[in-house]
Every structure is written in C-alpha cells, then in structure tokens.
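Data from model.pdb: PDB, C-alpha atoms and all ligand atoms
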MODEL        1
ATOM      1  CA  MET I 739     -14.601 -17.452  -9.459
ATOM      2  CA  GLN I 740     -12.755 -17.823  -6.150
ATOM      3  CA  THR I 741     -13.410 -15.230  -3.506
ATOM      4  CA  GLU I 742     -10.941 -16.317  -0.802
ATOM      5  CA  ILE I 743      -7.205 -16.681  -1.255
ATOM      6  CA  THR I 744      -5.598 -20.129  -1.370
ATOM      7  CA  ARG I 745      -2.049 -21.424  -1.746
ATOM      8  CA  GLU I 746      -2.839 -22.512  -5.345
ATOM      9  CA  LEU I 747      -4.062 -19.037  -6.322
ATOM     10  CA  ALA I 748      -0.991 -17.422  -4.754
ATOM     11  CA  GLN I 749       1.270 -19.856  -6.627
ATOM     12  CA  ALA I 750      -0.530 -19.084  -9.906
ATOM     13  CA  ALA I 751      -0.034 -15.352  -9.289
ATOM     14  CA  ILE I 752       3.730 -15.588  -8.761
ATOM     15  CA  ASP I 753       4.040 -17.983 -11.730
ATOM     16  CA  GLN I 754       2.539 -15.273 -13.929
ATOM     17  CA  LEU I 755       5.159 -12.804 -12.706
ATOM     18  CA  GLY I 756       7.982 -15.329 -13.089
ATOM     19  CA  TRP I 757       8.709 -15.228  -9.336
ATOM     20  CA  LYS I 758      10.079 -18.420  -7.796
ATOM     21  CA  SER I 759       9.524 -18.074  -4.036
ATOM     22  CA  LEU I 760       6.235 -18.323  -2.210
ATOM     23  CA  VAL I 761       5.777 -18.485   1.551
ATOM     24  CA  TRP I 762       2.169 -19.544   2.160
ATOM     25  CA  LEU I 763       0.823 -19.318   5.704
ATOM     26  CA  ASP I 764      -2.614 -20.543   6.790
ATOM     27  CA  GLU I 765      -2.349 -18.173   9.754
ATOM     28  CA  VAL I 766       0.318 -15.738  10.926
ATOM     29  CA  ASP I 767       0.596 -12.739  13.218
ATOM     30  CA  SER I 768       2.035 -10.506  10.483
ATOM     31  CA  THR I 769       3.286 -11.264   6.971
ATOM     32  CA  GLN I 770       5.441  -8.145   7.301
ATOM     33  CA  ARG I 771       7.297  -9.621  10.263
ATOM     34  CA  VAL I 772       7.979 -12.859   8.354
ATOM     35  CA  ALA I 773       9.042 -10.982   5.203
ATOM     36  CA  ASN I 774      11.397  -8.710   7.172
ATOM     37  CA  GLU I 775      13.052 -11.758   8.710
ATOM     38  CA  LEU I 776      13.506 -13.322   5.264
ATOM     39  CA  ALA I 777      14.882 -10.068   3.824
ATOM     40  CA  ALA I 778      17.639 -10.122   6.443
ATOM     41  CA  GLU I 779      18.818 -13.597   5.389
ATOM     42  CA  ALA I 780      21.790 -13.662   3.017
ATOM     43  CA  SER I 781      20.534 -16.878   1.403
ATOM     44  CA  ALA I 782      17.105 -15.473   0.563
ATOM     45  CA  ALA I 783      16.466 -15.053  -3.159
ATOM     46  CA  PRO I 784      13.974 -12.238  -3.860
ATOM     47  CA  PRO I 785      11.424 -11.724  -5.215
ATOM     48  CA  ILE I 786       9.576 -13.574  -2.454
ATOM     49  CA  LEU I 787       5.847 -13.396  -1.762
ATOM     50  CA  VAL I 788       4.701 -13.986   1.823
ATOM     51  CA  ILE I 789       0.939 -14.339   1.977
ATOM     52  CA  ALA I 790      -1.483 -15.504   4.644
ATOM     53  CA  ALA I 791      -5.062 -16.715   4.616
ATOM     54  CA  ARG I 792      -5.488 -15.146   8.059
ATOM     55  CA  GLN I 793      -3.386 -12.515   9.752
ATOM     56  CA  THR I 794      -3.968 -12.100  13.480
ATOM     57  CA  ALA I 795      -1.830  -9.068  14.363
ATOM     58  CA  GLY I 796      -1.268  -7.087  11.173
ATOM     59  CA  ARG I 797       1.023  -4.104  11.584
ATOM     60  CA  GLY I 798       0.045  -0.716  10.219
ATOM     61  CA  ARG I 799       1.944   2.565  10.111
ATOM     62  CA  GLY I 800       2.906   3.949  13.493
ATOM     63  CA  GLN I 801       0.595   2.509  16.103
ATOM     64  CA  ASN I 802      -2.018   1.356  13.553
ATOM     65  CA  HIS I 803      -3.220  -2.238  13.386
ATOM     66  CA  TRP I 804      -4.538  -3.912  10.253
ATOM     67  CA  ARG I 805      -7.624  -6.021  10.840
ATOM     68  CA  SER I 806      -8.120  -8.883   8.395
ATOM     69  CA  ALA I 807     -11.043 -10.945   7.222
ATOM     70  CA  ASN I 808     -10.932 -14.230   5.333
ATOM     71  CA  ALA I 809     -11.899 -12.648   2.054
ATOM     72  CA  ALA I 810      -9.253  -9.925   2.305
ATOM     73  CA  LEU I 811      -5.748  -9.927   0.857
ATOM     74  CA  THR I 812      -2.862  -9.577   3.293
ATOM     75  CA  PHE I 813       0.597 -10.050   1.849
ATOM     76  CA  SER I 814       4.154  -8.776   1.920
ATOM     77  CA  PHE I 815       6.814  -9.180  -0.729
ATOM     78  CA  VAL I 816      10.563  -8.814  -0.731
ATOM     79  CA  ILE I 817      12.398  -7.437  -3.759
ATOM     80  CA  ASP I 818      15.967  -6.392  -4.394
ATOM     81  CA  ALA I 819      15.913  -2.687  -4.902
ATOM     82  CA  ASP I 820      18.692  -2.315  -7.459
ATOM     83  CA  SER I 821      16.491  -0.580 -10.024
ATOM     84  CA  ILE I 822      14.759   1.706  -7.522
ATOM     85  CA  PRO I 823      16.345   4.721  -5.822
ATOM     86  CA  LEU I 824      16.076   3.950  -2.168
ATOM     87  CA  ALA I 825      17.789   6.502  -0.034
ATOM     88  CA  ASN I 826      15.739   6.975   3.119
ATOM     89  CA  ASP I 827      14.414  10.228   1.733
ATOM     90  CA  GLN I 828      12.970   8.275  -1.227
ATOM     91  CA  LEU I 829      10.698   6.162   0.959
ATOM     92  CA  PRO I 830       7.742   8.562   0.787
ATOM     93  CA  ALA I 831       7.937   8.353  -3.013
ATOM     94  CA  ALA I 832       7.995   4.551  -2.877
ATOM     95  CA  SER I 833       4.898   4.643  -0.681
ATOM     96  CA  ILE I 834       2.984   6.824  -3.157
ATOM     97  CA  ALA I 835       4.183   4.647  -6.047
ATOM     98  CA  VAL I 836       2.863   1.490  -4.338
ATOM     99  CA  ALA I 837      -0.448   3.204  -3.545
ATOM    100  CA  ALA I 838      -0.766   4.313  -7.195
ATOM    101  CA  GLY I 839      -0.003   0.735  -8.300
ATOM    102  CA  ILE I 840      -2.795  -0.564  -6.034
ATOM    103  CA  CYS I 841      -5.217   1.970  -7.568
ATOM    104  CA  ASN I 842      -4.255   0.929 -11.111
ATOM    105  CA  ALA I 843      -4.725  -2.756 -10.246
ATOM    106  CA  VAL I 844      -8.073  -2.431  -8.471
ATOM    107  CA  GLU I 845      -9.621  -0.188 -11.130
ATOM    108  CA  ARG I 846      -9.394  -3.020 -13.671
ATOM    109  CA  PHE I 847     -12.076  -4.898 -11.699
ATOM    110  CA  GLY I 848     -15.039  -2.588 -12.120
ATOM    111  CA  ASP I 849     -16.381   0.905 -12.261
ATOM    112  CA  ILE I 850     -14.380   2.090  -9.286
ATOM    113  CA  HIS I 851     -12.185   5.143  -8.893
ATOM    114  CA  CYS I 852      -9.402   4.913  -6.317
ATOM    115  CA  GLY I 853      -7.465   7.753  -4.740
ATOM    116  CA  VAL I 854      -4.212   8.012  -2.825
ATOM    117  CA  LYS I 855      -4.371   9.467   0.668
ATOM    118  CA  TRP I 856      -0.861  10.586   1.569
ATOM    119  CA  PRO I 857       1.216   8.952   2.839
ATOM    120  CA  ASN I 858       0.128   5.300   2.569
ATOM    121  CA  ASP I 859      -3.575   4.700   2.063
ATOM    122  CA  VAL I 860      -5.820   3.929  -0.875
ATOM    123  CA  TYR I 861      -9.336   5.316  -0.707
ATOM    124  CA  ALA I 862     -12.523   4.690  -2.669
ATOM    125  CA  ARG I 863     -15.906   6.352  -2.057
ATOM    126  CA  GLY I 864     -14.285   8.409   0.716
ATOM    127  CA  LYS I 865     -13.305   5.311   2.756
ATOM    128  CA  LYS I 866     -10.164   3.236   3.196
ATOM    129  CA  LEU I 867      -9.854   0.329   0.760
ATOM    130  CA  SER I 868      -6.205  -0.557   1.296
ATOM    131  CA  GLY I 869      -3.192   0.304   3.423
ATOM    132  CA  LEU I 870       0.484  -0.338   2.836
ATOM    133  CA  LEU I 871       3.771  -0.392   4.667
ATOM    134  CA  ILE I 872       7.314  -0.293   3.330
ATOM    135  CA  ASP I 873      10.425  -1.388   5.206
ATOM    136  CA  VAL I 874      13.956  -1.256   3.836
ATOM    137  CA  LYS I 875      16.710  -3.722   4.724
ATOM    138  CA  GLN I 876      20.147  -2.338   3.858
ATOM    139  CA  ARG I 877      22.353  -5.371   4.480
ATOM    140  CA  SER I 878      25.678  -3.773   3.514
ATOM    141  CA  PRO I 879      26.708  -0.766   1.405
ATOM    142  CA  SER I 880      27.898  -3.068  -1.407
ATOM    143  CA  LEU I 881      24.655  -5.035  -1.709
ATOM    144  CA  PRO I 882      21.353  -3.769  -3.073
ATOM    145  CA  ALA I 883      18.883  -2.862  -0.377
ATOM    146  CA  ARG I 884      15.882  -5.114  -0.011
ATOM    147  CA  LEU I 885      12.473  -3.604  -0.031
ATOM    148  CA  VAL I 886       9.709  -5.214   2.040
ATOM    149  CA  VAL I 887       6.314  -4.074   0.797
ATOM    150  CA  GLY I 888       3.271  -5.013   2.901
ATOM    151  CA  VAL I 889      -0.227  -4.594   1.495
ATOM    152  CA  GLY I 890      -3.670  -5.145   2.971
ATOM    153  CA  VAL I 891      -6.746  -4.842   0.735
ATOM    154  CA  ASN I 892     -10.400  -5.212   1.693
ATOM    155  CA  VAL I 893     -11.618  -7.431  -1.122
ATOM    156  CA  ASN I 894     -14.679  -9.696  -0.963
ATOM    157  CA  HIS I 895     -15.985  -8.996   2.523
ATOM    158  CA  THR I 896     -17.988  -6.116   3.873
ATOM    159  CA  PRO I 897     -15.907  -4.407   6.578
ATOM    160  CA  VAL I 898     -18.967  -3.237   8.499
ATOM    161  CA  GLU I 899     -20.100  -6.871   8.952
ATOM    162  CA  GLN I 900     -16.723  -7.596  10.514
ATOM    163  CA  ASP I 901     -16.859  -4.602  12.840
ATOM    164  CA  ALA I 902     -19.711  -2.075  13.007
ATOM    165  CA  SER I 903     -17.290   0.701  13.931
ATOM    166  CA  LEU I 904     -15.775   0.475  10.428
ATOM    167  CA  ALA I 905     -19.010   1.617   8.719
ATOM    168  CA  ALA I 906     -17.838   5.173   8.193
ATOM    169  CA  THR I 907     -14.188   4.494   7.471
ATOM    170  CA  ALA I 908     -13.629   1.250   5.522
ATOM    171  CA  VAL I 909     -14.853  -0.111   2.196
ATOM    172  CA  SER I 910     -14.100  -3.201   0.105
ATOM    173  CA  VAL I 911     -13.538  -3.906  -3.586
ATOM    174  CA  ARG I 912     -16.718  -6.005  -3.602
ATOM    175  CA  GLU I 913     -18.792  -3.092  -2.315
ATOM    176  CA  CYS I 914     -17.327  -0.733  -4.917
ATOM    177  CA  CYS I 915     -17.652  -3.194  -7.817
ATOM    178  CA  SER I 916     -21.198  -4.266  -6.865
ATOM    179  CA  GLY I 917     -20.177  -7.901  -6.485
ATOM    180  CA  PRO I 918     -17.326 -10.260  -5.626
ATOM    181  CA  VAL I 919     -14.138 -10.290  -7.677
ATOM    182  CA  ASP I 920     -11.752 -13.142  -8.473
ATOM    183  CA  ILE I 921      -9.223 -12.810  -5.685
ATOM    184  CA  GLY I 922      -6.463 -14.682  -7.554
ATOM    185  CA  ASP I 923      -6.742 -12.342 -10.552
ATOM    186  CA  LEU I 924      -6.725  -9.358  -8.199
ATOM    187  CA  LEU I 925      -3.560 -10.590  -6.446
ATOM    188  CA  THR I 926      -1.788 -11.027  -9.815
ATOM    189  CA  SER I 927      -2.880  -7.583 -10.929
ATOM    190  CA  LEU I 928      -1.756  -5.989  -7.645
ATOM    191  CA  LEU I 929       1.711  -7.527  -7.789
ATOM    192  CA  MET I 930       2.192  -6.546 -11.438
ATOM    193  CA  HIS I 931       0.998  -2.966 -11.068
ATOM    194  CA  ILE I 932       2.853  -2.326  -7.793
ATOM    195  CA  VAL I 933       6.172  -3.565  -9.213
ATOM    196  CA  GLN I 934       5.621  -1.591 -12.430
ATOM    197  CA  SER I 935       4.864   1.543 -10.438
ATOM    198  CA  LEU I 936       7.974   1.105  -8.238
ATOM    199  CA  GLU I 937      10.163   0.614 -11.316
ATOM    200  CA  MET I 938       8.950   3.954 -12.660
ATOM    201  CA  LEU I 939      10.590   5.638  -9.650
ATOM    202  CA  ALA I 940      13.945   5.046 -11.313
ATOM    203  CA  GLU I 941      12.955   7.557 -14.000
ATOM    204  CA  PRO I 942      11.214  10.520 -12.405
ATOM    205  CA  ALA I 943       8.684  11.626 -14.984
ATOM    206  CA  ASP I 944       6.446  14.660 -14.994
ATOM    207  CA  ALA I 945       3.622  12.576 -16.434
ATOM    208  CA  GLU I 946       3.777  10.125 -13.516
ATOM    209  CA  MET I 947       3.798  13.020 -11.013
ATOM    210  CA  SER I 948       0.756  14.498 -12.616
ATOM    211  CA  ARG I 949      -1.006  11.099 -12.393
ATOM    212  CA  TRP I 950      -0.129  10.926  -8.663
ATOM    213  CA  ASN I 951      -1.641  14.369  -8.176
ATOM    214  CA  ASP I 952      -4.774  13.427 -10.091
ATOM    215  CA  ARG I 953      -5.188  10.619  -7.571
ATOM    216  CA  SER I 954      -4.297  12.606  -4.436
ATOM    217  CA  VAL I 955      -7.513  12.888  -2.406
ATOM    218  CA  LEU I 956      -6.063  15.527  -0.056
ATOM    219  CA  ASN I 957      -5.273  18.120  -2.746
ATOM    220  CA  GLY I 958      -7.108  21.393  -2.045
ATOM    221  CA  ARG I 959      -8.209  20.346   1.447
ATOM    222  CA  GLU I 960      -7.314  21.863   4.801
ATOM    223  CA  VAL I 961      -5.473  19.313   6.922
ATOM    224  CA  CYS I 962      -3.837  18.882  10.300
ATOM    225  CA  ILE I 963      -0.765  16.646  10.253
ATOM    226  CA  GLU I 964       0.839  15.158  13.333
ATOM    227  CA  SER I 965       4.539  14.427  13.130
ATOM    228  CA  SER I 966       7.344  13.840  15.594
ATOM    229  CA  THR I 967       7.892  17.620  15.671
ATOM    230  CA  GLY I 968       4.268  18.495  16.475
ATOM    231  CA  GLN I 969       1.175  19.528  14.533
ATOM    232  CA  LEU I 970       1.098  21.284  11.182
ATOM    233  CA  ARG I 971      -1.981  22.902   9.658
ATOM    234  CA  GLY I 972      -2.404  24.088   6.117
ATOM    235  CA  ARG I 973      -4.012  23.638   2.717
ATOM    236  CA  VAL I 974      -2.671  20.800   0.583
ATOM    237  CA  ILE I 975      -1.215  21.997  -2.712
ATOM    238  CA  GLY I 976      -0.129  18.558  -3.941
ATOM    239  CA  LEU I 977       2.416  15.766  -3.961
ATOM    240  CA  GLN I 978       6.071  16.321  -4.832
ATOM    241  CA  ASN I 979       8.119  13.826  -6.845
ATOM    242  CA  GLY I 980       9.933  12.721  -3.676
ATOM    243  CA  GLY I 981       6.538  11.771  -2.197
ATOM    244  CA  GLN I 982       6.443  14.833   0.072
ATOM    245  CA  LEU I 983       3.159  16.629   0.702
ATOM    246  CA  LEU I 984       3.241  20.301  -0.233
ATOM    247  CA  LEU I 985       1.256  22.458   2.197
ATOM    248  CA  GLU I 986       0.404  26.127   2.023
ATOM    249  CA  GLN I 987       0.517  27.934   5.353
ATOM    250  CA  GLN I 988      -0.459  31.622   5.268
ATOM    251  CA  GLY I 989       0.797  32.030   1.722
ATOM    252  CA  VAL I 990       4.043  30.149   2.334
ATOM    253  CA  SER I 991       4.570  26.648   0.952
ATOM    254  CA  ARG I 992       6.134  23.958   3.055
ATOM    255  CA  GLU I 993       7.154  20.372   2.274
ATOM    256  CA  VAL I 994       6.089  17.648   4.699
ATOM    257  CA  ILE I 995       8.101  14.438   4.453
ATOM    258  CA  THR I 996       6.196  12.250   6.882
ATOM    259  CA  GLY I 997       3.363  12.370   9.394
ATOM    260  CA  SER I 998      -0.211  11.278  10.021
ATOM    261  CA  VAL I 999      -3.175  13.222   8.737
ATOM    262  CA  VAL I1000      -5.475  13.630  11.752
ATOM    263  CA  GLU I1001      -8.007  16.184  10.412
ATOM    264  CA  ILE I1002      -9.323  16.807   6.898
ATOM    265  CA  SER I1003     -11.676  19.575   5.824
ATOM    266  CA  PRO I1004     -13.902  19.167   3.922
ATOM    267  CA  PRO I1005     -14.012  15.462   4.873
ATOM    268  CA  LEU I1006     -13.282  12.845   2.190
TER     269      LEU I1006
HETATM  270  C1  LIG P   1      -1.746   1.055   7.434
HETATM  271  O1  LIG P   1      -2.907   1.152   7.061
HETATM  272  O2  LIG P   1      -1.256   1.780   8.327
HETATM  273  C2  LIG P   1      -0.868   0.014   6.773
HETATM  274  C3  LIG P   1      -1.509  -1.333   6.779
HETATM  275  C4  LIG P   1      -0.621  -2.416   6.164
HETATM  276  C5  LIG P   1      -1.202  -3.780   6.426
HETATM  277  C6  LIG P   1      -0.458  -4.877   5.707
HETATM  278  S1  LIG P   1      -1.376  -6.389   5.741
HETATM  279  C7  LIG P   1      -0.001  -7.259   5.124
HETATM  280  C8  LIG P   1       1.233  -6.670   5.773
HETATM  281  N1  LIG P   1       1.496  -7.343   7.051
HETATM  282  C9  LIG P   1       1.349  -6.518   8.086
HETATM  283  O3  LIG P   1       1.516  -6.838   9.284
HETATM  284  N2  LIG P   1       1.002  -5.300   7.675
HETATM  285  C10 LIG P   1       0.919  -5.224   6.212
ENDMDL
END

Spit out the file's structure as structure tokens when you get a sec.
Amino acid sequence: MQTEITRELAQAAIDQLGWKSLVWLDEVDSTQRVANELAAEASAAPPILVIAARQTAGRGRGQNHWRSANAALTFSFVIDADSIPLANDQLPAASIAVAAGICNAVERFGDIHCGVKWPNDVYARGKKLSGLLIDVKQRSPSLPARLVVGVGVNVNHTPVEQDASLAATAVSVRECCSGPVDIGDLLTSLLMHIVQSLEMLAEPADAEMSRWNDRSVLNGREVCIESSTGQLRGRVIGLQNGGQLLLEQQGVSREVITGSVVEISPPL
C-alpha cells in the first residue's frame, strides 16, 4: 500500500478513467491556479488532472487557505462542462454535487460516515475532512464552459501533528478508518465519484436531492451566515436542488445562495 501520492499513482488513476492529460508537480503554490491557467488555453484538451505532491499556498473559498501535508491529496481537474448545467446560479449545486461525490468515494475505504457542510466542505466525526473549490471558465458563448474543480483531502496524516490548532477542527481519512489507506486507490475513487455526481446534475432527480439532504450536517441546526449583504440567522431546513440553503426565520423560509457559515448551534 502506498500512503503518499506519486506521479505513477496519479497516472494510474487517470488511466483508469480514460483521461489523457496529467500535470504532475513536485511542488506548486496552488494546483487551482495552474488548472485555471490551463482552462483558459484554447489548445488545452480536458479532462486534465493537475496534482501536486506539495502545495505551498493552497487557495480556499473566500479568504481561506488550504494547508497541505505530504500524505494529503491536493488536486484540481479541468473538464468541459457540456453535459452539466453551468449557469452561474448552478454553481452552488455543482459544489454540493462534488462534496457528495467526495463522501461517496471516501466511504468505500472504511467504516466512516461523511457529511456535506454547505456550501463546500466535507465533514466526518464533526471535523473537516475535505474542502473544495469550483471555478468556471466561459471562453465564448459558442464553446462549452470549462469547469475547474479543486479538491483537498486530509488522507494519511494526522492534522493535529501538523498544527496543534487543528485538533478541534480537522480530521483525516486515516483517523476515521483506523489506519492508512491506499492513496492511489482513493484518488481514483474520488475522481470517478466526483465526475459521476456532477453528471447527475444534468438530470435533477428527487432521489439525488434526498441523498444530499441525508448528508447535510447543518439540517435542523441554528446557524449564522455571513454574506456580502450582511449576516443572516435562522434554522436550516435543508438543501434545495440548485444547491441553495433553505433557512427558516421566524416562520418564514428563505433561500441562501452563497455565504460562509460562521456559527452553528448545536455544534457539529
Ligand atoms: C476550502 O476549504 O475553502 C476549499 C479548499 C480547497 C483546497 C484545494 S487543494 C487543491 C486545490 N488547489 C487550491 O489552491 N485549492 C484547492
């Protein structure tokens, strides 16, 4: 079993998906930056996987940073989005779909239950296991948009050993599965399940929505959400099929398209 990612394991993963393009980087500031640059190039031929052994300045949502360890997975991939509805108002749905795909992939590796924390985190045991980012490159109205999906997963390290301040907030697959996992198999599983989950967006299905809601860790909790328009407080009713969070405020329901959850009660 291999616990740290290598070029050979990344190549084996894309071979299994039938993808042709791999960008392997021993070290990079951000795979998302590199993937966004590739997505803008007319000559690029998605799907393309950009993956790094070490990422020194990983970008998270908003002002977040993504800290990486050697035994983590940090990758971004570029796909043509012709089979996925990708108006800007569909991005929250794409984010939930990717998070659900990560949950499906990770759960194959042990007795671990993963949840989706709207809008872009995957949680296990009440702590963050994975975060994701999605960027869209619309090159021209006549060409399919390109989707740049960036994923960071804590895999075979123990986040608290990397940084004591992460003890209460971060967890790894190894900790949840009581032992290391094969990182090449996990990468293959992640890519397959994420793509499968994104493709399901093309056919909105009640069953898929209900699976998202079964995974939504915020449902039923009181939250405070910060957005560009200020703070919103309310009780989470659930996720909508556009990826919006449905909140109840004094008996009135309200859809939230984007924002950061800054308070949760009871805590996760
Ligand atoms: C978040 O938690 O806010 C999102 C984190 C996303 C991190 C991944 S790691 C691979 C890819 N490259 C980046 O710079 N960011 C994403």

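Picture a line from atom CA of I:Trp804 to atom C5 of ligand LIG 1 (chain P); it runs 5.1 Å.
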
* Pull out every residue that the PyMOL selection byres (((chain I and resi 926) around 9) and not hetatm) matches in the shown coordinates and put them as number ranges by chain. => I: 748, 750-752, 754-755, 843, 921-925, 927-931

Save the residues we just selected, C-alpha atoms, as an mmCIF file, keeping the file's coordinate frame?
data_model
loop_
_atom_site.group_PDB
_atom_site.id
_atom_site.type_symbol
_atom_site.label_atom_id
_atom_site.label_comp_id
_atom_site.auth_asym_id
_atom_site.auth_seq_id
_atom_site.Cartn_x
_atom_site.Cartn_y
_atom_site.Cartn_z
ATOM 1 C CA ALA I 748 -0.991 -17.422 -4.754
ATOM 2 C CA ALA I 750 -0.530 -19.084 -9.906
ATOM 3 C CA ALA I 751 -0.034 -15.352 -9.289
ATOM 4 C CA ILE I 752 3.730 -15.588 -8.761
ATOM 5 C CA GLN I 754 2.539 -15.273 -13.929
ATOM 6 C CA LEU I 755 5.159 -12.804 -12.706
ATOM 7 C CA ALA I 843 -4.725 -2.756 -10.246
ATOM 8 C CA ILE I 921 -9.223 -12.810 -5.685
ATOM 9 C CA GLY I 922 -6.463 -14.682 -7.554
ATOM 10 C CA ASP I 923 -6.742 -12.342 -10.552
ATOM 11 C CA LEU I 924 -6.725 -9.358 -8.199
ATOM 12 C CA LEU I 925 -3.560 -10.590 -6.446
ATOM 13 C CA SER I 927 -2.880 -7.583 -10.929
ATOM 14 C CA LEU I 928 -1.756 -5.989 -7.645
ATOM 15 C CA LEU I 929 1.711 -7.527 -7.789
ATOM 16 C CA MET I 930 2.192 -6.546 -11.438
ATOM 17 C CA HIS I 931 0.998 -2.966 -11.068
#

* **Within 9 Å of ligand LIG 1 (chain P) (only C-alpha atoms and all ligand atoms), residues as a PyMOL selection string** => chain I and resi 767-773+788-790+793-806+811-815+858-860+866+868-872+887-891

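Nearest residue to I:Ala783, choosing from I:Arg863, I:Val766, I:Arg745, I:Arg884 and counting only C-alpha atoms: I:Arg884.
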
* To do: Do a neighbour search on I:Glu775 at 10 Å with all atoms listed in the file, toss out local chain neighbours closer than 6 positions, and write the hits as a list in words.
  => Thr769, Ala782, Lys875 and Val886 of chain I

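Restricting the calculation to only C-alpha atoms, the smallest distance between I:Pro784 and any of I:Pro882, I:Gly864, I:Gly853, I:Gly848 is found for I:Pro882.
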
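When all atoms listed in the file are used to compute distances to I:Lys865, the closest of the residues I:Leu829, I:Leu977, I:Ala807, I:Val909 turns out to be I:Val909.
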
* Separation of atom CA of I:Ala810 from atom CA of I:Ile1002 in Å -> 27.1 Å

* Restricting the calculation to all atoms listed in the file, which member of I:Asp873, I:Ile817, I:Ile786, I:Val911 is positioned closest to I:Glu845? -> I:Val911

Interface rows for stretch 982-1001 of chain I against stretch 948-952 of chain I: nearest pair, Å to one decimal, 12 Å, all atoms listed in the file, as JSON lines:
{"residue": "I:Gln982", "atom": "CA", "partner": "I:Asn951", "partner_atom": "CA", "distance": 11.6}
{"residue": "I:Leu983", "atom": "CA", "partner": "I:Asn951", "partner_atom": "CA", "distance": 10.3}
{"residue": "I:Leu984", "atom": "CA", "partner": "I:Asn951", "partner_atom": "CA", "distance": 11.1}
